[in-house]
$ cat query37.txt   # compact mmCIF, C-alpha atoms and all ligand atoms
# COMPACT_ATOMS: atom_id res chain seq x y z
CA MET F 529 -12.72 10.34 17.33
CA ILE F 530 -10.34 8.63 14.94
CA LEU F 531 -6.69 9.57 14.94
CA VAL F 532 -4.92 8.87 11.66
CA ILE F 533 -1.13 8.53 11.79
CA ALA F 534 0.21 9.88 8.48
CA GLU F 535 3.66 9.18 7.09
CA GLN F 536 5.85 11.73 5.34
CA LYS F 537 9.29 11.92 3.82
CA ASP F 538 10.94 15.32 3.29
CA GLY F 539 7.54 16.92 3.85
CA GLN F 540 5.76 14.75 1.26
CA VAL F 541 2.81 12.72 2.50
CA ASN F 542 2.69 9.26 0.90
CA ARG F 543 -0.39 7.97 -0.88
CA ALA F 544 -1.01 5.23 1.68
CA SER F 545 -1.56 7.90 4.35
CA TRP F 546 -4.21 9.63 2.25
CA GLU F 547 -5.89 6.25 1.89
CA ALA F 548 -5.94 5.85 5.70
CA ILE F 549 -7.65 9.26 5.94
CA VAL F 550 -10.27 8.11 3.39
CA ALA F 551 -10.84 5.04 5.60
CA ALA F 552 -11.38 7.28 8.64
CA GLN F 553 -13.75 9.56 6.71
CA GLN F 554 -15.91 6.54 5.85
CA THR F 555 -16.74 6.02 9.54
CA ALA F 556 -18.54 9.36 10.01
CA GLU F 557 -16.47 9.92 13.19
CA PRO F 558 -14.47 13.13 13.68
CA VAL F 559 -10.97 12.68 12.25
CA VAL F 560 -7.69 14.11 13.56
CA VAL F 561 -4.47 13.51 11.62
CA VAL F 562 -1.03 13.41 13.20
CA VAL F 563 2.29 13.42 11.36
CA ALA F 564 5.75 13.25 12.93
CA GLY F 565 9.35 13.97 12.06
CA GLN F 566 11.43 16.50 10.22
CA GLY F 567 9.25 17.89 7.45
CA SER F 568 6.05 17.34 9.43
CA ALA F 569 5.13 21.04 9.25
CA ALA F 570 5.09 21.01 5.44
CA ALA F 571 3.26 17.68 5.41
CA ALA F 572 0.68 19.01 7.91
CA ALA F 573 -0.02 21.99 5.65
CA ASP F 574 -0.90 19.55 2.83
CA LEU F 575 -2.90 17.25 5.11
CA ALA F 576 -4.99 20.23 6.28
CA ALA F 577 -6.69 20.23 2.85
CA ALA F 578 -8.59 17.10 3.88
CA GLN F 579 -11.95 17.39 5.61
CA VAL F 580 -10.64 16.69 9.12
CA THR F 581 -11.05 18.39 12.49
CA GLU F 582 -7.38 19.08 13.09
CA VAL F 583 -3.87 18.21 11.96
CA VAL F 584 -1.12 17.73 14.56
CA ALA F 585 2.50 18.17 13.41
CA ILE F 586 4.87 16.65 15.89
CA ASP F 587 8.61 17.37 15.87
CA GLY F 588 11.48 17.79 18.24
CA PRO F 589 14.91 16.46 19.17
CA GLY F 590 15.08 12.74 18.50
CA LEU F 591 12.73 12.89 15.52
CA ALA F 592 15.10 14.20 12.85
CA GLN F 593 15.43 10.69 11.43
CA TYR F 594 12.87 7.93 11.71
CA THR F 595 13.46 5.44 14.54
CA ALA F 596 10.92 3.08 16.08
CA ASP F 597 11.83 4.38 19.56
CA GLY F 598 11.49 8.04 18.63
CA PHE F 599 8.25 7.76 16.68
CA THR F 600 6.67 5.43 19.26
CA ALA F 601 7.41 7.93 22.03
CA ALA F 602 6.07 10.84 19.96
CA TYR F 603 2.87 9.13 18.86
CA ALA F 604 2.25 7.61 22.31
CA GLN F 605 2.23 11.15 23.69
CA VAL F 606 -0.38 12.37 21.17
CA VAL F 607 -2.57 9.25 21.55
CA ALA F 608 -2.50 9.58 25.34
CA GLU F 609 -3.46 13.27 25.13
CA ARG F 610 -6.20 12.98 22.51
CA GLN F 611 -7.68 9.65 23.63
CA PRO F 612 -9.11 8.57 20.26
CA ALA F 613 -11.45 5.60 19.94
CA HIS F 614 -9.33 4.24 17.07
CA VAL F 615 -5.94 4.91 15.57
CA PHE F 616 -5.83 4.27 11.80
CA ILE F 617 -2.47 3.63 10.12
CA ALA F 618 -1.53 2.64 6.57
CA HIS F 619 0.37 -0.65 6.46
CA THR F 620 3.77 0.45 5.10
CA TYR F 621 7.37 -0.62 5.74
CA GLN F 622 7.78 2.16 8.29
CA THR F 623 4.52 1.75 10.16
CA ARG F 624 4.84 -2.02 10.47
CA ASP F 625 8.12 -1.28 12.24
CA PHE F 626 6.64 0.90 14.98
CA ALA F 627 2.86 0.34 15.10
CA PRO F 628 2.92 -2.93 17.12
CA LYS F 629 5.40 -1.35 19.53
CA LEU F 630 3.16 1.69 19.91
CA ALA F 631 0.09 -0.46 20.65
CA ALA F 632 2.11 -2.55 23.12
CA ARG F 633 3.49 0.57 24.80
CA LEU F 634 -0.09 1.68 25.50
CA ASP F 635 -1.23 -1.89 26.25
CA ARG F 636 -3.86 -1.81 23.52
CA SER F 637 -4.98 -4.15 20.70
CA ILE F 638 -3.78 -3.85 17.12
CA LEU F 639 -5.52 -5.30 14.06
CA THR F 640 -3.27 -5.35 11.01
CA ASP F 641 -3.63 -5.47 7.24
CA CYS F 642 -7.35 -4.68 7.00
CA THR F 643 -8.99 -3.94 3.66
CA ALA F 644 -12.23 -2.19 4.66
CA VAL F 645 -14.06 -0.57 7.53
CA LYS F 646 -17.78 -0.94 8.19
CA ALA F 647 -19.47 1.94 10.01
CA GLY F 648 -21.59 1.07 13.05
CA THR F 649 -21.19 0.45 16.75
CA PRO F 650 -18.73 -1.01 17.20
CA LEU F 651 -16.80 -0.36 13.98
CA THR F 652 -15.91 -3.60 12.23
CA PHE F 653 -12.94 -4.20 10.00
CA VAL F 654 -12.57 -6.57 7.07
CA ARG F 655 -9.40 -8.61 7.28
CA PRO F 656 -8.26 -11.21 4.71
CA MET F 657 -7.37 -14.54 6.29
CA PHE F 658 -5.84 -17.81 5.07
CA GLN F 659 -4.03 -16.28 2.07
CA ALA F 660 -7.09 -14.11 1.38
CA LYS F 661 -9.37 -17.11 0.87
CA LEU F 662 -11.63 -15.73 3.63
CA ALA F 663 -12.55 -12.15 4.51
CA ALA F 664 -13.39 -11.92 8.22
CA ASP F 665 -15.40 -9.11 9.83
CA VAL F 666 -13.49 -8.28 13.00
CA ALA F 667 -14.69 -6.17 15.92
CA ILE F 668 -11.97 -5.33 18.44
CA GLU F 669 -12.51 -5.96 22.14
CA GLY F 670 -10.88 -4.34 25.13
CA PRO F 671 -10.35 -0.71 26.07
CA ALA F 672 -9.85 2.03 23.46
CA PRO F 673 -7.95 3.15 21.56
CA HIS F 674 -7.86 0.29 19.09
CA PHE F 675 -5.06 0.36 16.53
CA VAL F 676 -5.88 -0.68 12.97
CA THR F 677 -3.61 -0.84 9.92
CA PHE F 678 -4.88 -0.92 6.32
CA GLN F 679 -3.44 -2.62 3.28
CA ILE F 680 -2.17 -0.25 0.63
CA GLY F 681 -4.72 0.07 -2.16
CA SER F 682 -7.77 -0.69 -0.02
CA PHE F 683 -9.13 2.85 -0.34
CA LYS F 684 -9.13 5.27 -3.26
CA VAL F 685 -7.42 8.61 -2.75
CA ASP F 686 -9.78 10.34 -5.17
CA GLU F 687 -12.59 9.60 -2.69
CA LEU F 688 -10.89 11.89 -0.15
CA ALA F 689 -13.32 14.53 1.18
CA LYS F 690 -11.67 17.93 1.12
CA GLY F 691 -12.56 20.73 3.54
CA SER F 692 -14.06 24.04 2.40
CA ALA F 693 -11.21 25.71 4.33
CA PRO F 694 -7.89 24.28 5.57
CA ALA F 695 -8.17 22.41 8.88
CA PRO F 696 -6.34 23.96 11.85
CA VAL F 697 -2.75 22.78 12.25
CA VAL F 698 -1.26 22.41 15.72
CA ALA F 699 2.51 22.07 16.21
CA VAL F 700 3.59 19.87 19.10
CA SER F 701 7.11 19.42 20.44
CA ALA F 702 7.59 15.81 21.45
CA ALA F 703 9.40 14.66 24.55
CA VAL F 704 11.39 11.75 23.16
CA ASP F 705 13.33 10.13 25.97
CA ILE F 706 15.50 7.29 24.74
CA VAL F 707 16.38 6.46 21.12
CA ARG F 708 18.35 3.23 21.01
CA GLN F 709 18.41 2.69 17.23
CA GLN F 710 20.83 4.23 14.78
CA PRO F 711 18.97 4.26 11.49
CA ASP F 712 20.66 3.13 8.29
CA ALA F 713 19.70 4.64 4.96
CA PRO F 714 16.05 3.87 4.18
CA PHE F 715 15.22 0.51 2.60
CA ARG F 716 14.69 1.85 -0.89
CA GLU F 717 17.99 3.71 -1.18
CA ALA F 718 19.90 0.97 0.62
CA ARG F 719 18.90 -1.66 -1.92
CA GLN F 720 18.47 0.69 -4.87
CA ALA F 721 15.11 -1.01 -5.22
CA VAL F 722 11.99 0.33 -6.86
CA ASP F 723 9.07 1.16 -4.65
CA LEU F 724 6.26 -0.47 -6.60
CA THR F 725 3.76 0.61 -3.96
CA GLN F 726 4.08 4.19 -5.20
CA ALA F 727 4.02 3.37 -8.94
CA GLU F 728 1.17 4.85 -10.96
CA ARG F 729 1.47 2.29 -13.78
CA ILE F 730 2.79 -1.24 -13.69
CA VAL F 731 3.44 -3.76 -16.46
CA SER F 732 3.64 -7.16 -14.81
CA VAL F 733 4.92 -10.35 -16.42
CA GLY F 734 4.02 -13.93 -15.61
CA ARG F 735 5.09 -17.34 -16.78
CA GLY F 736 3.46 -16.64 -20.14
CA ILE F 737 6.60 -14.65 -20.99
CA LYS F 738 8.27 -18.06 -21.42
CA ALA F 739 11.98 -17.13 -21.21
CA PRO F 740 14.24 -14.43 -19.76
CA GLU F 741 15.17 -13.37 -23.31
CA ASN F 742 11.58 -12.11 -23.68
CA ILE F 743 11.62 -9.78 -20.64
CA PRO F 744 12.93 -6.87 -22.81
CA LEU F 745 9.63 -7.01 -24.75
CA ALA F 746 7.72 -6.32 -21.52
CA LYS F 747 10.30 -3.66 -20.60
CA GLU F 748 9.74 -1.94 -23.94
CA LEU F 749 6.00 -1.82 -23.24
CA ALA F 750 6.65 -0.54 -19.70
CA ASP F 751 8.91 2.22 -21.06
CA ALA F 752 6.32 3.20 -23.66
CA LEU F 753 3.75 3.54 -20.86
CA GLN F 754 6.23 5.12 -18.41
CA ALA F 755 5.42 2.21 -16.14
CA GLU F 756 7.40 0.12 -13.66
CA LEU F 757 8.10 -3.50 -14.50
CA ALA F 758 6.83 -6.13 -12.04
CA ALA F 759 6.26 -9.87 -12.08
CA SER F 760 4.54 -12.88 -10.62
CA ARG F 761 6.49 -15.06 -8.23
CA PRO F 762 7.77 -17.73 -10.66
CA ILE F 763 9.53 -15.00 -12.67
CA CYS F 764 11.32 -13.67 -9.58
CA ASP F 765 12.01 -17.17 -8.22
CA ALA F 766 13.73 -17.95 -11.52
CA GLY F 767 15.83 -14.80 -11.18
CA TRP F 768 14.47 -13.28 -14.41
CA LEU F 769 13.59 -10.15 -12.44
CA PRO F 770 14.74 -9.13 -8.94
CA MET F 771 12.68 -10.14 -5.90
CA GLU F 772 11.64 -6.57 -5.10
CA ARG F 773 9.60 -6.58 -8.32
CA GLN F 774 7.40 -9.46 -7.16
CA VAL F 775 3.73 -8.66 -6.63
CA GLY F 776 1.58 -10.78 -4.35
CA SER F 777 1.13 -12.24 -0.92
CA SER F 778 4.84 -12.89 -0.52
CA GLY F 779 5.82 -9.83 -2.56
CA GLN F 780 4.58 -6.26 -2.70
CA THR F 781 1.00 -5.01 -2.48
CA VAL F 782 0.50 -2.41 -5.17
CA ALA F 783 -2.27 0.00 -6.09
CA PRO F 784 -1.38 1.68 -9.38
CA LYS F 785 -3.83 3.47 -11.63
CA LEU F 786 -3.02 0.91 -14.34
CA TYR F 787 -1.93 -2.71 -13.89
CA LEU F 788 -1.19 -4.54 -17.12
CA ALA F 789 -0.84 -8.30 -16.58
CA LEU F 790 1.02 -10.17 -19.34
CA GLY F 791 0.68 -13.96 -19.25
CA ILE F 792 -0.36 -14.07 -15.59
CA SER F 793 -3.00 -16.66 -14.67
CA GLY F 794 -4.46 -14.79 -11.67
CA ALA F 795 -3.60 -17.12 -8.79
CA ILE F 796 -4.98 -15.87 -5.47
CA GLN F 797 -1.47 -15.25 -4.09
CA HIS F 798 -0.82 -12.88 -6.99
CA VAL F 799 -4.25 -11.26 -6.96
CA VAL F 800 -4.09 -10.19 -3.30
CA GLY F 801 -1.12 -8.02 -4.23
CA MET F 802 -2.74 -6.13 -7.12
CA LYS F 803 -6.52 -6.23 -6.80
CA GLY F 804 -6.49 -2.66 -5.49
CA ALA F 805 -5.31 -1.36 -8.89
CA ARG F 806 -7.73 1.14 -10.39
CA THR F 807 -7.76 -0.37 -13.88
CA ILE F 808 -6.59 -3.91 -14.59
CA VAL F 809 -5.80 -4.99 -18.12
CA ALA F 810 -4.97 -8.64 -18.78
CA ILE F 811 -3.47 -10.28 -21.85
CA ASN F 812 -3.63 -14.05 -21.69
CA LYS F 813 -4.04 -16.68 -24.40
CA ASP F 814 -6.37 -18.71 -22.16
CA ALA F 815 -9.77 -17.00 -22.26
CA GLU F 816 -10.75 -18.93 -19.11
CA ALA F 817 -7.80 -17.68 -17.02
CA PRO F 818 -8.98 -16.41 -13.59
CA ILE F 819 -7.26 -13.05 -14.17
CA PHE F 820 -10.12 -12.16 -16.55
CA GLU F 821 -12.61 -12.32 -13.65
CA LEU F 822 -10.79 -9.38 -12.13
CA ALA F 823 -9.73 -7.49 -15.26
CA ASP F 824 -11.52 -4.33 -16.41
CA TYR F 825 -10.22 -4.96 -19.94
CA GLY F 826 -9.04 -8.28 -21.27
CA ILE F 827 -7.39 -9.45 -24.46
CA ALA F 828 -7.58 -13.21 -25.04
CA GLY F 829 -4.48 -13.56 -27.16
CA ASP F 830 -0.80 -14.35 -27.40
CA ILE F 831 1.38 -11.72 -25.73
CA PHE F 832 4.01 -12.16 -28.42
CA GLU F 833 1.46 -11.05 -31.02
CA VAL F 834 -0.46 -8.47 -28.98
CA VAL F 835 2.33 -6.66 -27.10
CA PRO F 836 4.32 -5.58 -30.20
CA GLN F 837 1.10 -4.13 -31.64
CA VAL F 838 0.37 -2.23 -28.40
CA ILE F 839 3.94 -0.85 -28.37
CA ALA F 840 3.62 0.21 -32.01
CA ALA F 841 0.28 1.90 -31.29
CA LEU F 842 1.71 3.73 -28.27
CA LYS F 843 4.70 4.94 -30.26
CA ALA F 844 2.59 6.06 -33.22
C1 LIG L 901 2.74 -19.45 0.04
C2 LIG L 901 2.69 -18.99 -1.39
C3 LIG L 901 2.98 -17.67 -1.65
C4 LIG L 901 2.94 -17.21 -2.97
N1 LIG L 901 3.19 -15.89 -3.21
C5 LIG L 901 3.08 -15.44 -4.47
C6 LIG L 901 3.27 -14.05 -4.76
O1 LIG L 901 3.59 -13.23 -3.88
N2 LIG L 901 3.12 -13.64 -6.03
C7 LIG L 901 2.79 -14.49 -7.06
O2 LIG L 901 2.64 -14.02 -8.20
N3 LIG L 901 2.60 -15.79 -6.80
C8 LIG L 901 2.77 -16.29 -5.55
N4 LIG L 901 2.60 -17.61 -5.33
C9 LIG L 901 2.48 -18.51 -6.50
C10 LIG L 901 1.08 -18.58 -7.08
O3 LIG L 901 0.36 -19.60 -6.42
C11 LIG L 901 1.13 -18.93 -8.57
O4 LIG L 901 1.84 -20.12 -8.76
C12 LIG L 901 1.78 -17.84 -9.44
O5 LIG L 901 1.21 -16.59 -9.16
C13 LIG L 901 1.58 -18.16 -10.90
O6 LIG L 901 2.30 -17.25 -11.66
P1 LIG L 901 1.91 -17.00 -13.18
O7 LIG L 901 0.52 -16.49 -13.28
O8 LIG L 901 2.99 -16.15 -13.76
O9 LIG L 901 2.08 -18.43 -13.84
P2 LIG L 901 0.99 -19.50 -14.34
O10 LIG L 901 -0.02 -19.77 -13.29
O11 LIG L 901 1.76 -20.63 -14.90
O12 LIG L 901 0.23 -18.74 -15.52
C14 LIG L 901 0.81 -18.41 -16.74
C15 LIG L 901 -0.29 -17.83 -17.61
O13 LIG L 901 0.27 -17.38 -18.81
C16 LIG L 901 -0.63 -17.69 -19.86
N5 LIG L 901 0.16 -17.77 -21.08
C17 LIG L 901 1.06 -18.71 -21.45
N6 LIG L 901 1.63 -18.39 -22.63
C18 LIG L 901 1.05 -17.24 -23.03
C19 LIG L 901 1.22 -16.41 -24.17
N7 LIG L 901 2.10 -16.68 -25.13
N8 LIG L 901 0.45 -15.30 -24.29
C20 LIG L 901 -0.46 -14.98 -23.31
N9 LIG L 901 -0.64 -15.73 -22.20
C21 LIG L 901 0.11 -16.83 -22.06
C22 LIG L 901 -1.29 -18.99 -19.47
O14 LIG L 901 -2.54 -19.14 -20.10
C23 LIG L 901 -1.39 -18.82 -17.96
O15 LIG L 901 -2.64 -18.28 -17.60
C24 LIG L 901 2.64 -18.10 -4.04
C25 LIG L 901 2.35 -19.43 -3.73
C26 LIG L 901 2.37 -19.88 -2.43
C27 LIG L 901 2.05 -21.30 -2.15

$ encode --input "query37.txt" --output "structure tokens" --more "lines below"
Ligand SMILES: Cc1cc2nc3c(=O)[nH]c(=O)nc-3n(C[C@H](O)[C@H](O)[C@H](O)COP(=O)(O)OP(=O)(O)OC[C@H]3O[C@@H](n4cnc5c(N)ncnc54)[C@H](O)[C@@H]3O)c2cc1C
Amino acid sequence: MILVIAEQKDGQVNRASWEAIVAAQQTAEPVVVVVAGQGSAAAAADLAAAQVTEVVAIDGPGLAQYTADGFTAAYAQVVAERQPAHVFIAHTYQTRDFAPKLAARLDRSILTDCTAVKAGTPLTFVRPMFQAKLAADVAIEGPAPHFVTFQIGSFKVDELAKGSAPAPVVAVSAAVDIVRQQPDAPFREARQAVDLTQAERIVSVGRGIKAPENIPLAKELADALQAELAASRPICDAGWLPMERQVGSSGQTVAPKLYLALGISGAIQHVVGMKGARTIVAINKDAEAPIFELADYGIAGDIFEVVPQVIAALKA
């Protein structure tokens, strides 16, 4: 059995958690989903739509706000009771905070940042290595359960198998002993940053934009598409856009429905952060740029000629 740890905020399940359920469904093992915290009951009701054996909603004193101590104690209890073969978790800001602690608490292995699962005995997991230059097939040794986290964008939510009837939901009250952390406001609110990982459309600018004075052109296109603005690393290093808008191996990993790359060459460190996008459109004046190997649609042209025309067409 595979136990998927889902993440929710105010009762809303995030997309990365649905992706982790899709990963579990690809193994042909029975799947149980667990979700913790205030709002878990509402989240569990949504999660029950998936084709899974059961959904466990876990709440109780000490879980009102997320803390690594509280969530580790709660999930350790469910894992110990259910004894899954694997625990699947999406690799998000929150889970990377508690997942290693949870695995260590239970003295079990954790394999992080995987991009695929291969059915079989044992299950193997694809994990990018050396800045994604290699993709290793990894089988985990040692006693179960094995903990595995998945990169956002590795699985497509529209491949989720839904049940013919809602899965049973079980409410569990967790015994959370000690909570030593006092949580601050969540990352996003604290920094007033965008969460590109949840964006449906992204317009991303690279060095082809030439100068900070030209960023408003990309912003105009983003607004016309109701998209978030993002960038390659040189743009953020130069301070033309804030760091939280950087996509790539040292920035955010995104999985929008549409990723529009303006003057981005397609360096591997950028590509690992956006290759999970559903549709990739690239505009680059170099027809040989590596980004075109990845793009679903490409325009070999000058962004300063093409982008105004696209904006005009969108506004028409
Ligand atoms: C450890 C490490 C971590 C890194 N992490 C990241 C990361 O997280 N994210 C990231 O993005 N990079 C990262 N990098 C940097 C990465 O290697 C590349 O240098 C970077 O992605 C290149 O950005 P770019 O495509 O904007 O610029 P360039 O590679 O310079 O490409 C600019 C492109 O714009 C095109 N162009 C120029 N003018 C026009 C025009 N008028 N119209 C249309 N096209 C035009 C050019 O043909 C070219 O293809 C990292 C590097 C290292 C070593």

$ axis_aligned_box --input "query37.txt" --around "ligand LIG 901 (chain L)" --padding-each-side "3 Å" --output "AutoDock Vina command-line options"
--center_x 0.5 --center_y -17.3 --center_z -12.5 --size_x 12.2 --size_y 14.1 --size_z 31.2

$ atom_distance --input "query37.txt" --atom1 "CA of Ala564 (chain F)" --atom2 "CA of Val685 (chain F)"
21.0 Å

$ closest_residue --input "query37.txt" --among "F:Ala571, F:Ala815, F:Val580, F:Ala823" --to "Ala534 (chain F)" --atoms "all atoms listed in the file"
F:Ala571

$ residues_near_ligand --input "query37.txt" --ligand "ligand LIG 901 (chain L)" --cutoff "7 Å" --atoms "all atoms listed in the file" --output "PyMOL selection string"
chain F and resi 733-738+759-763+774-779+790-798+811-814+817+829-832

$ atom_distance --input "query37.txt" --atom1 "CA of Pro784 (chain F)" --atom2 "CA of Met771 (chain F)"
18.7 Å

$ residues_near_point --input "query37.txt" --point "(-8.3, 2.3, 18.8)" --cutoff "8 Å" --atoms "all atoms listed in the file" --output "list in words"
Ile530, Pro612, Ala613, His614, Val615, Phe616, Arg636, Ser637, Ile638, Ala672, Pro673, His674, Phe675 and Val676 of chain F

$ closest_residue --input "query37.txt" --among "F:Gln593, F:Arg773, F:Leu634, F:Val799" --to "Glu821 (chain F)" --atoms "all atoms listed in the file"
F:Val799

$ residues_near_point --input "query37.txt" --point "(-8.6, 20.5, 6.4)" --cutoff "6 Å" --atoms "all atoms listed in the file" --output "number ranges by chain"
F: 576-580, 691, 694-695

$ residues_around --input "query37.txt" --residues "Thr620 (chain F)" --least-positions-apart "2" --cutoff "9 Å" --atoms "all atoms listed in the file" --output "list in words"
Glu535, Ala544, Ile617, Ala618, Gln622, Thr623, Arg624, Asp625, Thr677, Phe678, Gln679 and Ile680 of chain F

$ residues_around --input "query37.txt" --residues "Val809 (chain F)" --least-positions-apart "4" --cutoff "12 Å" --atoms "all atoms listed in the file" --output "MDAnalysis selection string"
chainID F and resid 729:732 784:792 794 802:803 805 819:828

$ closest_residue --input "query37.txt" --among "F:Ile668, F:Val834, F:Ala752, F:Ala570" --to "Arg655 (chain F)" --atoms "only C-alpha atoms"
F:Ile668

$ closest_residue --input "query37.txt" --among "F:Pro628, F:Gly801, F:Gly598, F:Pro836" --to "Leu749 (chain F)" --atoms "only C-alpha atoms"
F:Pro836

$ atom_distance --input "query37.txt" --atom1 "CA of Val560 (chain F)" --atom2 "CA of Thr725 (chain F)"
24.9 Å

$ residues_around --input "query37.txt" --residues "region 649-651 of chain F" --least-positions-apart "2" --cutoff "9 Å" --atoms "all atoms listed in the file" --output "PyMOL selection string"
chain F and resi 555+645-647+653+666-668

$ closest_residue --input "query37.txt" --among "F:Lys690, F:Ala596, F:Ala551, F:Lys747" --to "Cys642 (chain F)" --atoms "all atoms listed in the file"
F:Ala551
